[in-house]
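Next comes query20.csv, a file with CSV, C-alpha atoms.
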chain,number,residue,atom,x,y,z
A,676,MET,CA,-13.5,-3.3,-4.6
A,677,ILE,CA,-12.4,-0.6,-2.2
A,678,SER,CA,-15.2,0.6,0.1
A,679,LYS,CA,-16.0,4.3,0.4
A,680,ALA,CA,-14.8,4.3,4.0
A,681,LEU,CA,-11.4,2.8,3.1
A,682,LEU,CA,-11.1,5.2,0.2
A,683,LYS,CA,-11.7,8.1,2.5
A,684,GLN,CA,-9.1,6.8,5.0
A,685,ILE,CA,-6.5,6.4,2.2
A,686,SER,CA,-7.2,10.0,1.0
A,687,SER,CA,-6.8,11.3,4.5
A,688,TYR,CA,-3.2,10.0,4.5
A,689,LYS,CA,-2.3,12.9,2.2
A,690,GLN,CA,-2.1,14.9,5.4
A,691,LYS,CA,0.7,14.2,7.8
A,692,LYS,CA,-1.5,14.5,10.9
A,693,PHE,CA,-3.6,11.5,9.8
A,694,ARG,CA,-0.5,9.4,8.9
A,695,ASP,CA,0.9,10.2,12.4
A,696,GLU,CA,-2.4,9.4,14.0
A,697,ASP,CA,-2.5,5.9,12.5
A,698,ASN,CA,1.3,5.5,12.7
A,699,VAL,CA,1.6,4.7,8.9
A,700,PHE,CA,3.3,5.9,5.8
A,701,VAL,CA,2.4,5.6,2.2
A,702,VAL,CA,4.7,4.2,-0.5
A,703,GLU,CA,4.0,4.9,-4.2
A,704,GLY,CA,5.6,3.7,-7.3
A,705,GLU,CA,6.6,0.2,-8.5
A,706,LYS,CA,10.2,0.3,-7.5
A,707,CYS,CA,9.5,1.7,-4.0
A,708,VAL,CA,6.8,-0.8,-3.3
A,709,GLU,CA,9.0,-3.7,-4.4
A,710,GLU,CA,11.8,-2.4,-2.0
A,711,LEU,CA,9.2,-2.2,0.8
A,712,MET,CA,8.1,-5.8,0.2
A,713,LYS,CA,11.7,-6.9,0.6
A,714,SER,CA,12.0,-5.0,3.9
A,715,ASP,CA,11.0,-6.0,7.5
A,716,PHE,CA,8.2,-3.4,7.6
A,717,GLU,CA,4.7,-4.7,8.3
A,718,ILE,CA,2.6,-4.1,5.2
A,719,VAL,CA,-1.0,-3.3,5.9
A,720,ASN,CA,-2.4,-2.9,2.4
A,721,ILE,CA,-1.2,-2.9,-1.2
A,722,PHE,CA,-3.5,-1.3,-3.8
A,723,ALA,CA,-2.5,-2.2,-7.3
A,724,THR,CA,-3.8,-3.5,-10.6
A,725,ASN,CA,-4.3,-7.2,-11.3
A,726,GLU,CA,-1.5,-6.9,-13.9
A,727,TRP,CA,0.9,-5.7,-11.2
A,728,PHE,CA,-0.1,-8.5,-8.8
A,729,LEU,CA,0.5,-11.1,-11.5
A,730,LYS,CA,3.9,-9.6,-12.4
A,731,ASN,CA,4.9,-9.5,-8.7
A,732,LYS,CA,3.3,-12.7,-7.4
A,733,LYS,CA,6.7,-13.9,-6.1
A,734,TYR,CA,6.3,-11.2,-3.4
A,735,CYS,CA,2.6,-11.6,-2.8
A,736,SER,CA,1.1,-14.5,-0.7
A,737,ILE,CA,-2.4,-13.6,-1.8
A,738,VAL,CA,-3.5,-12.5,-5.3
A,739,ILE,CA,-7.1,-11.3,-5.6
Represent the structure from my file as structure tokens, please.
Amino acid sequence: MISKALLKQISSYKQKKFRDEDNVFVVEGEKCVEELMKSDFEIVNIFATNEWFLKNKKYCSIVI
């Protein structure tokens, strides 16, 4: 379950100034996320359905 505070933070990333402030970027879409997971970038969070996690468990060290 995503807390209200985290949901608010995620929503704030729609604006560039908040992404710059936290030095993050947002990746959306199955193909883009899979490419990101193969990269050397540090991944802070992935928000997805259980179905997606089960399908991509080879990339994920933790499935919740």
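Using only C-alpha atoms, the shortest contact distance between Leu681 of chain A and any of A:Met712, A:Asn720, A:Asp695, A:Cys707 is found at A:Asn720.
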| task | Quick one: pull the distance between atom CA of Asn731 of chain A and atom CA of Lys713 of chain A, Å, one decimal. | result |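 Pair atom CA of Asn731 of chain A / atom CA of Lys713 of chain A returns 11.8 Å.
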| Looking at only C-alpha atoms, which of A:Ser686, A:Glu705, A:Lys679, A:Arg694 is the one that sits closest to Lys730 of chain A? |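 Closest candidate: A:Glu705.
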| Distance of atom CA of Val708 of chain A from atom CA of Glu696 of chain A, expressed in Å to one decimal place |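 According to the coordinates, atom CA of Glu696 of chain A and atom CA of Val708 of chain A are separated by 22.1 Å.
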| Atom pair atom CA of Lys689 of chain A / atom CA of Lys733 of chain A: separation (Å) | 29.5 Å
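Nearest residue to Lys732 of chain A among A:Lys691, A:Gln684, A:Asp697, A:Glu709 is A:Glu709, counting only C-alpha atoms.
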| field | Of the listed residues A:Gly704, A:Asn698, A:Leu729, A:Leu682, that which approaches Glu717 of chain A most closely, counting all atoms listed in the file | value |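 Comparing A:Gly704, A:Asn698, A:Leu729, A:Leu682 against Glu717 of chain A, the winner is A:Asn698.
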| request: May I have the protein, DNA and RNA residues with any atom at most 9 Å from the point (-7.8, -1.0, -3.2), counting all atoms listed in the file, written as a ChimeraX atom specification? | output: /A:676-678,681-682,720-724
